[in-house]
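K.L.:
Got a structure for you, model.txt, holding compact mmCIF, C-alpha atoms.
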```
# COMPACT_ATOMS: atom_id res chain seq x y z
CA MET F 29 39.95 21.58 113.69
CA ARG F 30 39.46 17.90 112.89
CA GLU F 31 42.56 15.76 112.57
CA PRO F 32 42.01 14.60 108.94
CA VAL F 33 41.71 18.23 107.85
CA ILE F 34 44.97 19.14 109.58
CA ARG F 35 46.69 16.15 108.04
CA GLY F 36 45.30 16.86 104.56
CA VAL F 37 46.25 20.52 104.59
CA GLY F 38 49.66 19.65 106.02
CA LEU F 39 50.25 17.08 103.29
CA VAL F 40 49.40 19.55 100.53
CA ALA F 41 51.53 22.28 102.13
CA SER F 42 54.49 19.92 102.59
CA LEU F 43 54.28 18.68 99.00
CA ALA F 44 54.07 22.25 97.70
CA TYR F 45 57.08 23.30 99.79
CA ALA F 46 59.03 20.22 98.68
CA ALA F 47 58.21 21.01 95.04
CA ALA F 48 59.39 24.60 95.55
CA VAL F 49 62.67 23.40 97.08
CA ALA F 50 63.17 20.94 94.21
CA TRP F 51 62.44 23.71 91.69
CA LEU F 52 65.01 25.98 93.37
CA TYR F 53 67.62 23.23 93.17
CA ALA F 54 66.80 22.54 89.52
CA THR F 55 66.72 26.14 88.26
CA GLN F 56 69.33 27.78 90.54
CA PRO F 57 67.85 31.31 90.47
CA GLN F 58 70.28 34.12 91.28
CA THR F 59 68.00 37.00 92.19
CA VAL F 60 64.79 37.47 94.16
CA ALA F 61 63.15 38.61 90.91
CA GLN F 62 64.05 35.30 89.30
CA VAL F 63 62.57 33.39 92.24
CA THR F 64 59.30 35.33 92.33
CA GLY F 65 59.06 35.43 88.53
CA GLY F 66 59.69 31.71 88.32
CA PHE F 67 56.92 30.91 90.79
CA ALA F 68 54.60 33.38 89.01
CA ALA F 69 55.37 31.69 85.68
CA ILE F 70 54.54 28.28 87.15
CA VAL F 71 51.02 29.47 88.03
CA GLY F 72 50.76 31.41 84.75
CA ALA F 73 50.78 34.84 86.40
CA TYR F 74 54.08 36.14 85.04
CA GLN F 75 53.85 39.12 82.67
CA VAL F 76 56.47 41.10 80.85
CA ASP F 77 56.52 44.85 81.54
CA ALA F 78 55.03 46.19 78.27
CA VAL F 79 56.37 49.75 78.67
CA ALA F 80 59.95 48.58 79.31
CA LEU F 81 59.65 46.15 76.38
CA ALA F 82 58.55 48.96 74.05
CA ASP F 83 61.48 51.09 75.26
CA GLY F 84 63.84 48.19 74.69
CA LEU F 85 62.62 47.58 71.13
CA ARG F 86 62.85 51.30 70.34
CA PHE F 87 66.46 51.42 71.57
CA PHE F 88 67.22 48.19 69.69
CA ARG F 89 65.93 49.56 66.38
CA GLY F 90 67.81 52.81 66.98
CA GLY F 91 71.11 50.95 67.39
CA GLN F 92 71.45 51.75 71.10
CA PHE F 93 72.16 48.21 72.15
CA ALA F 94 73.38 48.70 75.72
CA GLU F 95 70.29 50.81 76.47
CA ALA F 96 68.12 48.23 74.74
CA ARG F 97 69.51 45.43 76.91
CA ALA F 98 68.95 47.46 80.08
CA ALA F 99 65.31 48.14 79.15
CA LEU F 100 64.72 44.53 78.06
CA ALA F 101 66.22 43.23 81.31
CA ARG F 102 63.80 45.52 83.15
CA ALA F 103 60.93 44.17 81.05
CA ASP F 104 61.78 40.56 81.94
CA PRO F 105 63.48 40.66 85.37
CA ALA F 106 62.90 36.96 86.01
CA GLU F 107 64.34 35.99 82.59
CA ARG F 108 61.27 33.90 81.81
CA ASP F 109 60.18 35.33 78.44
CA PRO F 110 61.81 33.71 75.36
CA HIS F 111 61.07 36.66 73.04
CA VAL F 112 62.73 39.18 75.34
CA GLN F 113 65.73 36.89 75.80
CA PHE F 114 65.92 36.54 72.00
CA TYR F 115 66.07 40.33 71.57
CA ILE F 116 68.73 40.57 74.30
CA ALA F 117 70.80 37.98 72.44
CA TYR F 118 70.23 39.84 69.15
CA ALA F 119 71.38 43.09 70.79
CA TYR F 120 74.59 41.37 71.87
CA TYR F 121 75.05 40.04 68.32
CA ARG F 122 74.54 43.41 66.64
CA GLU F 123 76.78 45.25 69.08
CA GLY F 124 79.49 42.60 68.96
CA TRP F 125 79.49 42.20 65.18
CA GLY F 126 82.46 43.77 63.41
CA ARG F 127 83.50 43.99 59.79
CA LEU F 128 87.06 42.90 60.63
CA TYR F 129 86.49 40.93 63.82
CA ASN F 130 83.72 40.16 66.30
CA ASP F 131 83.73 40.88 70.02
CA ASP F 132 83.90 37.40 71.52
CA ALA F 133 82.82 38.56 74.98
CA LEU F 134 79.59 40.06 73.64
CA PHE F 135 78.99 37.08 71.37
CA GLY F 136 79.48 34.77 74.36
CA LYS F 137 76.86 36.66 76.35
CA GLY F 138 74.57 36.57 73.32
CA LEU F 139 75.01 32.82 73.07
CA ALA F 140 74.07 32.44 76.74
CA ALA F 141 70.96 34.59 76.22
CA VAL F 142 69.83 32.74 73.09
CA ASP F 143 70.35 29.41 74.85
CA LYS F 144 68.10 30.71 77.63
CA ALA F 145 65.51 31.76 75.02
CA ILE F 146 65.59 28.32 73.40
CA ALA F 147 65.24 26.62 76.77
CA LEU F 148 62.21 28.77 77.60
CA ALA F 149 60.47 28.38 74.23
CA PRO F 150 57.87 25.60 73.96
CA GLY F 151 59.58 22.62 72.35
CA GLY F 152 62.76 24.70 71.99
CA ARG F 153 61.40 26.35 68.81
CA LEU F 154 61.36 30.14 68.76
CA VAL F 155 60.44 32.24 65.73
CA VAL F 156 60.11 36.02 65.95
CA ASP F 157 58.18 37.84 63.21
CA ASP F 158 59.99 41.14 63.11
CA PRO F 159 60.72 42.69 59.68
CA ASP F 160 63.65 44.62 61.20
CA LEU F 161 65.54 41.37 61.78
CA GLN F 162 67.37 39.29 59.21
CA MET F 163 67.38 36.22 61.41
CA HIS F 164 63.94 35.26 62.67
CA SER F 165 64.59 32.03 64.50
CA ALA F 166 66.64 31.42 67.63
CA ASP F 167 68.42 28.56 65.85
CA GLU F 168 69.75 30.92 63.15
CA LEU F 169 70.87 33.44 65.73
CA ARG F 170 72.57 30.76 67.79
CA ALA F 171 74.40 29.36 64.75
CA GLU F 172 75.49 32.88 63.70
CA LEU F 173 76.83 33.62 67.19
CA GLN F 174 78.70 30.31 67.27
CA ARG F 175 80.15 30.93 63.80
CA GLY F 176 81.27 34.36 64.94
CA MET F 177 83.21 32.87 67.84
CA THR F 178 84.87 30.11 65.81
CA ARG F 179 88.41 30.59 64.54
CA ASP F 180 89.10 29.09 61.10
CA ALA F 181 90.83 29.85 57.79
CA SER F 182 87.88 31.87 56.50
CA ASP F 183 88.69 34.52 59.14
CA PHE F 184 91.67 35.50 56.97
CA ASN F 185 89.63 35.88 53.79
CA PRO F 186 89.91 39.58 52.77
CA LEU F 187 86.44 39.41 51.22
CA ARG F 188 85.08 39.17 54.79
CA VAL F 189 85.00 42.95 54.94
CA PHE F 190 82.15 42.95 52.43
CA ARG F 191 79.85 40.75 54.50
CA ALA F 192 76.81 42.39 56.04
CA ARG F 193 75.47 42.38 59.56
CA LYS F 194 72.21 40.50 59.85
CA MET X 27 52.71 13.24 118.74
CA SER X 28 50.14 15.74 117.56
CA ALA X 29 48.86 15.69 113.98
CA ALA X 30 49.98 19.32 113.46
CA ARG X 31 53.54 18.50 114.44
CA GLU X 32 53.63 15.52 112.07
CA ALA X 33 51.83 17.23 109.19
CA PHE X 34 53.28 20.76 109.40
CA VAL X 35 56.11 21.36 111.87
CA LEU X 36 58.48 18.50 111.08
CA PRO X 37 58.24 18.64 107.24
CA ILE X 38 58.66 22.43 107.28
CA ILE X 39 61.69 22.22 109.57
CA PHE X 40 63.39 19.51 107.53
CA LEU X 41 62.59 21.10 104.15
CA THR X 42 63.94 24.44 105.40
CA VAL X 43 67.11 22.68 106.55
CA THR X 44 67.36 20.95 103.15
CA LEU X 45 67.17 24.35 101.48
CA LEU X 46 69.52 26.23 103.81
CA ALA X 47 72.16 23.52 104.04
CA GLY X 48 72.38 23.35 100.25
CA VAL X 49 73.03 27.06 99.79
CA GLU X 50 76.58 27.81 98.77
CA LEU X 51 77.32 31.50 99.03
CA GLY X 52 79.86 33.11 96.74
CA ALA X 53 80.08 35.39 93.75
CA ARG X 54 77.24 33.25 92.45
CA VAL X 55 74.75 31.77 94.90
CA SER X 56 74.13 28.13 94.12
CA LEU X 57 72.23 25.24 95.63
CA VAL X 58 74.40 22.14 95.83
CA PRO X 59 72.64 18.76 95.96
CA PRO X 60 74.06 16.17 98.38
CA SER X 61 76.82 13.86 97.21
CA LEU X 62 76.30 10.11 97.12
CA PHE X 63 78.43 9.72 100.24
CA SER X 64 76.32 12.32 102.06
CA LEU X 65 73.25 10.25 101.25
CA VAL X 66 74.97 7.18 102.70
CA LEU X 67 75.87 9.14 105.85
CA GLY X 68 72.30 10.47 106.04
CA THR X 69 70.93 6.93 105.88
CA MET X 70 73.34 5.89 108.64
CA LEU X 71 72.16 8.80 110.75
CA LEU X 72 68.55 7.68 110.32
CA ALA X 73 69.54 4.15 111.32
CA ALA X 74 71.32 5.51 114.41
CA LEU X 75 68.21 7.53 115.34
CA VAL X 76 66.03 4.44 115.02
CA ARG X 77 68.39 2.21 117.03
CA ALA X 78 68.66 4.79 119.79
CA GLY X 79 64.89 5.16 119.98
CA ALA X 80 65.02 8.84 118.97
CA LEU X 81 62.88 7.97 115.97
CA ALA X 82 60.11 5.38 116.00
CA PRO X 83 59.23 4.64 112.37
CA ALA X 84 56.17 2.67 113.51
CA ARG X 85 54.69 5.89 114.88
CA LEU X 86 54.98 7.42 111.40
CA LEU X 87 54.25 4.49 109.11
CA HIS X 88 52.10 1.58 110.25
CA GLY X 89 49.31 -0.56 108.84
CA SER X 90 46.98 0.44 111.66
CA ARG X 91 47.25 4.17 110.81
CA PRO X 92 44.95 5.86 108.26
CA ILE X 93 46.33 6.45 104.75
CA LEU X 94 46.55 10.20 105.28
CA ALA X 95 48.54 9.75 108.49
CA ASN X 96 50.91 7.34 106.75
CA ALA X 97 51.36 9.87 103.92
CA ASN X 98 52.31 12.49 106.52
CA GLY X 99 54.72 10.03 108.10
CA MET X 100 56.30 9.24 104.75
CA ILE X 101 56.85 12.95 104.11
CA VAL X 102 58.52 13.31 107.52
CA LEU X 103 60.88 10.39 106.84
CA GLY X 104 61.68 11.59 103.30
CA THR X 105 62.38 15.16 104.35
CA LEU X 106 64.40 13.92 107.35
CA LEU X 107 66.65 11.89 105.04
CA ALA X 108 67.07 14.83 102.65
CA ALA X 109 67.88 17.21 105.51
CA ALA X 110 70.31 14.76 107.12
CA ALA X 111 72.17 14.24 103.84
CA GLN X 112 72.32 17.98 103.18
CA VAL X 113 73.56 18.85 106.68
CA LEU X 114 76.28 16.21 106.52
CA GLY X 115 77.21 17.39 103.01
CA MET X 116 77.31 21.01 104.19
CA LEU X 117 79.69 20.13 107.03
CA THR X 118 82.09 18.26 104.74
CA PRO X 119 84.95 20.30 103.27
CA ARG X 120 84.85 20.58 99.48
CA SER X 121 88.26 19.20 98.50
CA GLY X 122 91.61 17.74 99.44
CA LEU X 123 92.62 15.85 102.54
CA PRO X 124 90.04 17.55 104.81
CA LEU X 125 87.27 16.13 102.59
CA PHE X 126 88.69 12.62 102.93
CA PHE X 127 89.35 12.79 106.67
CA VAL X 128 86.02 14.41 107.58
CA ASP X 129 84.15 11.82 105.51
CA VAL X 130 86.01 9.01 107.30
CA PHE X 131 85.50 10.75 110.67
CA LEU X 132 81.74 11.08 110.14
CA PHE X 133 81.42 7.54 108.79
CA VAL X 134 83.25 6.00 111.76
CA LEU X 135 81.42 8.16 114.30
CA LEU X 136 77.99 7.30 112.90
CA LEU X 137 78.90 3.61 112.66
CA ASN X 138 80.12 3.69 116.24
CA THR X 139 76.93 5.44 117.35
CA MET X 140 74.81 2.81 115.61
CA VAL X 141 76.69 -0.02 117.29
CA ALA X 142 76.89 1.63 120.73
CA GLN X 143 73.11 2.18 120.68
CA PRO X 144 72.94 5.10 123.12
CA ASP X 145 69.60 6.32 124.47
CA ARG X 146 67.72 9.19 122.82
CA VAL X 147 69.11 12.01 124.94
CA ARG X 148 72.71 10.83 124.69
CA LEU X 149 72.38 10.41 120.93
CA LEU X 150 71.06 13.95 120.49
CA ARG X 151 73.90 15.32 122.66
CA SER X 152 76.41 13.26 120.68
CA LEU X 153 75.02 14.57 117.38
CA ALA X 154 75.22 18.16 118.65
CA VAL X 155 78.90 17.60 119.48
CA ILE X 156 79.62 15.93 116.09
CA PHE X 157 77.90 18.67 114.11
CA GLY X 158 79.43 21.43 116.25
CA SER X 159 82.94 20.02 115.83
CA ALA X 160 82.53 19.67 112.07
CA LEU X 161 81.16 23.24 111.90
CA VAL X 162 84.16 24.61 113.80
CA LEU X 163 86.58 22.59 111.68
CA LYS X 164 85.14 23.71 108.34
CA PHE X 165 83.91 27.24 109.00
CA VAL X 166 86.47 28.37 111.60
CA VAL X 167 89.72 26.39 111.35
CA LEU X 168 89.88 25.63 107.61
CA ALA X 169 88.26 28.98 106.77
CA ALA X 170 91.01 30.76 108.74
CA LEU X 171 93.63 28.96 106.64
CA ALA X 172 91.82 29.76 103.40
CA GLY X 173 90.74 33.33 104.10
CA PRO X 174 92.63 36.34 102.77
CA SER X 175 95.29 37.25 105.35
CA GLY X 176 95.65 40.74 106.71
CA ASN X 177 99.39 41.32 106.80
CA ARG X 178 102.37 40.21 104.79
CA THR X 179 103.75 37.79 107.44
CA ALA X 180 100.42 35.99 107.67
CA ARG X 181 100.26 35.74 103.88
CA VAL X 182 103.80 34.33 103.73
CA LEU X 183 103.00 31.77 106.46
CA ALA X 184 99.81 30.77 104.66
CA ALA X 185 101.73 30.38 101.38
CA LEU X 186 104.43 28.28 103.14
CA PHE X 187 101.75 26.08 104.76
CA ASP X 188 100.06 25.66 101.40
CA ALA X 189 103.37 24.69 99.76
CA ALA X 190 104.32 22.30 102.60
CA THR X 191 101.00 20.45 102.32
CA PHE X 192 101.05 20.48 98.49
CA GLY X 193 97.83 22.49 98.55
CA THR X 194 95.90 19.53 99.93
CA ILE X 195 94.64 21.30 103.07
CA THR X 196 93.68 24.77 101.89
CA GLN X 197 90.06 25.22 100.85
CA GLU X 198 88.25 27.83 98.81
CA PRO X 199 87.50 30.81 101.07
CA HIS X 200 83.94 31.06 102.45
CA PRO X 201 81.94 34.29 102.54
CA ALA X 202 81.26 35.54 106.08
CA GLY X 203 77.60 34.55 105.96
CA ALA X 204 78.27 30.87 105.19
CA GLY X 205 79.19 29.95 108.77
CA TYR X 206 76.15 31.72 110.23
CA LEU X 207 73.88 29.99 107.73
CA ALA X 208 75.41 26.62 108.63
CA PHE X 209 75.01 27.33 112.34
CA PHE X 210 71.33 28.18 111.88
CA ALA X 211 70.75 25.10 109.70
CA ILE X 212 72.36 22.80 112.29
CA GLY X 213 70.35 24.36 115.14
CA LEU X 214 67.12 23.92 113.21
CA PHE X 215 68.03 20.35 112.27
CA LEU X 216 68.76 19.40 115.89
CA ALA X 217 65.46 20.98 116.95
CA GLY X 218 63.73 18.87 114.31
CA LEU X 219 65.49 15.71 115.55
CA ALA X 220 64.39 16.47 119.12
CA ALA X 221 60.79 16.83 117.94
CA LEU X 222 60.72 13.44 116.15
CA PRO X 223 58.37 10.79 117.56
CA ALA X 224 60.52 8.72 119.92
CA ALA X 225 60.15 5.05 120.75
CA ARG X 226 57.90 4.51 123.75
CA PRO X 227 59.70 3.11 126.84
CA ALA X 228 59.20 -0.60 127.45
CA SER X 229 57.75 0.00 130.91
CA ASN X 230 56.28 2.91 132.78
CA ARG X 231 59.08 2.90 135.37
CA THR X 232 61.43 5.86 135.39
CA ASP X 233 65.21 5.56 134.98
CA LEU X 234 65.56 6.27 138.73
CA GLN X 235 63.23 3.44 139.63
CA ILE X 236 65.07 1.08 137.30
CA ASN X 237 68.45 2.08 138.77
CA PHE X 238 67.20 1.37 142.27
CA GLY X 239 65.78 -1.96 141.16
CA ARG X 240 62.19 -1.10 142.07
```
Could I get this structure in the form of structure tokens?
P.N.:
Amino acid sequence: MREPVIRGVGLVASLAYAAAVAWLYATQPQTVAQVTGGFAAIVGAYQVDAVALADGLRFFRGGQFAEARAALARADPAERDPHVQFYIAYAYYREGWGRLYNDDALFGKGLAAVDKAIALAPGGRLVVDDPDLQMHSADELRAELQRGMTRDASDFNPLRVFRARK
Amino acid sequence: MSAAREAFVLPIIFLTVTLLAGVELGARVSLVPPSLFSLVLGTMLLAALVRAGALAPARLLHGSRPILANANGMIVLGTLLAAAAQVLGMLTPRSGLPLFFVDVFLFVLLLNTMVAQPDRVRLLRSLAVIFGSALVLKFVVLAALAGPSGNRTARVLAALFDAATFGTITQEPHPAGAGYLAFFAIGLFLAGLAALPAARPASNRTDLQINFGR
């Protein structure tokens, strides 16, 4: 093979490898699925598992939130789809919501998931058109989760018991 | 040096070292970028390599070389600096007095190596000893002090040692794989250093001929 060809191919390969290493440092993936999914998303080849997503939405609408999260995690193993991450966050919200008090641990996980969804959405704006939901944007869900984890005087208002889950 | 070595082998070796040396195993696997001091130490290591003739920058970047060849050379130098900084960062303990003393130890050793200006072979041997010692210190000696002890007496002794040193020596425990990963990264890095384009000798005479004054 001619030397310029070797050098050219080597340059492209080195730059691609360096970009991959930089991406790994920047995103800190935790699983092999996240690594492969991340690279697939970069080249536009990442797809959510439609069957697992349908299962997840069915469980979500049926109030089976733990099952819904398991199916949604299977649908988006690389955690690259903002809509799926939004539903995971919503599942944490609905399961953690309580008439007297909220489950802070679940709300915390929901906040982490909705932050991920916002980070993945183009321009950070995510709106989900689902008539089953009372909150359609990730910003509303995030604010609701944050409010739920905040301690203030309104927590002692007895009229709280009449509020409704969104 | 062959074009394949410059375009493929060296960048791949140094990028792999950059990746492996940054991996921090634990409950959560993370990639830790080099600290500012590691970058300084990495730059000093490059300077020591150049002064010892183990790296000839003119054989990687020069006006007489084609643009593509210079681009390959630039990649080699950039990845070498990144790998050097990451290896030195990996070998440095994370906190307390060991962090301070190992940083000073590495700084003085590299400064001394730069000033002493050993030849290529001696420099590579010296680097193997420096990296090996730092590996043993961090992943064997300090890890033994930090690791969970087996029996009650060992735990009591470890607690007493920790109290006597005000907790300035003990480090966070390392998972078993961390030392092996570091060992592999150092081996690969030294192999990469040995494969760098060295400075050409001033004359064609061998060391033996020079010693005998021929």
K.L.:
Quick check, in Å to one decimal: how far apart do CA of Ile212 (chain X) and CA of Val113 (chain X) lie?
P.N.:
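CA of Val113 (chain X) lies 7.0 Å from CA of Ile212 (chain X).
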K.L.:
Show me, as a ChimeraX atom specification, the residues of chain F whose atoms get within 9 Å of chain X, using all atoms listed in the file for the distance check.
P.N.:
/F:31-32,34-39,41-43,45-46,49-50,52-54,56-59
K.L.:
When distances are computed from only C-alpha atoms, which of X:Ala110, X:Ala154, X:Ala80, X:Leu51 shows the smallest separation from Pro201 (chain X)?
P.N.:
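Nearest candidate to Pro201 (chain X) out of X:Ala110, X:Ala154, X:Ala80, X:Leu51: X:Leu51.
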K.L.:
Please measure the separation of CA of Gly203 (chain X) and CA of Leu117 (chain X), giving the value in Å to one decimal.
P.N.:
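Atom-to-atom, CA of Gly203 (chain X) and CA of Leu117 (chain X) are spaced 14.6 Å apart.
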K.L.:
Can you tell me, as a PyMOL selection string, what residues are no more than 10 Å from region 93-97 of chain F when counting all atoms listed in the file, ignoring any on the same chain fewer than 6 positions away?
P.N.:
chain F and resi 80-87+103+112-113+115-124
K.L.:
Please provide as JSON, numbers by chain all residues within 10 Å of region 60-71 of chain F, with the sequence filter that same-chain residues fewer than 6 positions apart are discarded (counting all atoms listed in the file).
P.N.:
{"F": [48, 51, 52, 104, 105, 106, 107, 108, 109]}
K.L.:
Could you give me, as a list in words, the residues within 8 Å of region 155-157 of chain X, counting all atoms listed in the file and dropping anything in the same chain fewer than 2 positions from it?
P.N.:
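Using all atoms listed in the file, the neighbours found are Leu117, Leu132, Arg151, Ser152, Leu153, Ser159, Ala160, Leu161 and Ile212 of chain X.
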K.L.:
Take the residues that were just selected and, keeping C-alpha atoms, output them as a tab-separated table (two decimals), keeping the file's coordinate frame.
P.N.:
```tsv
chain	number	residue	atom	x	y	z
X	117	LEU	CA	79.69	20.13	107.03
X	132	LEU	CA	81.74	11.08	110.14
X	151	ARG	CA	73.90	15.32	122.66
X	152	SER	CA	76.41	13.26	120.68
X	153	LEU	CA	75.02	14.57	117.38
X	159	SER	CA	82.94	20.02	115.83
X	160	ALA	CA	82.53	19.67	112.07
X	161	LEU	CA	81.16	23.24	111.90
X	212	ILE	CA	72.36	22.80	112.29
```
K.L.:
Would you kindly return, as a PyMOL selection string, each protein, DNA or RNA residue with an atom no farther than 9 Å from any atom of region 166-176 of chain F, considering all atoms listed in the file and excluding same-chain residues fewer than 5 positions away?
P.N.:
chain F and resi 114+117-118+121+125+129-132+135-136+138-139+142-143+145-146+152-156
K.L.:
Give me the residues within 9 Å of region 181-189 of chain F as an NGL selection string, counting all atoms listed in the file and dropping any in the same chain fewer than 3 places off.
P.N.:
:F and (126-129 or 178 or 192)
K.L.:
In Å, rounded to a single decimal, give me how far CA of Leu107 (chain X) is from CA of Ala73 (chain X).
P.N.:
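These atoms are spaced 10.4 Å apart.
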K.L.:
The centre and edge lengths of an axis-aligned box containing all atoms of region 45-57 of chain X present in the file, extended by 8 Å on each side, are to be given in Å to one decimal, as lines of an AutoDock Vina configuration file.
P.N.:
```
center_x = 73.6
center_y = 29.4
center_z = 98.2
size_x = 28.9
size_y = 28.0
size_z = 27.6
```
K.L.:
Of the candidates X:Ala74, X:Leu65, X:Ala217, X:Val43, which shows the shortest atom-to-atom distance to Asn138 (chain X), using all atoms listed in the file?
P.N.:
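Of X:Ala74, X:Leu65, X:Ala217, X:Val43, the one nearest Asn138 (chain X), counting all atoms listed in the file, is X:Ala74.
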K.L.:
Pick the closest to Ala101 (chain F) from F:Ala149, F:Pro159, F:Ala78, F:Arg89: which is it, counting only C-alpha atoms?
P.N.:
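Result for the nearest residue to Ala101 (chain F): F:Ala78.
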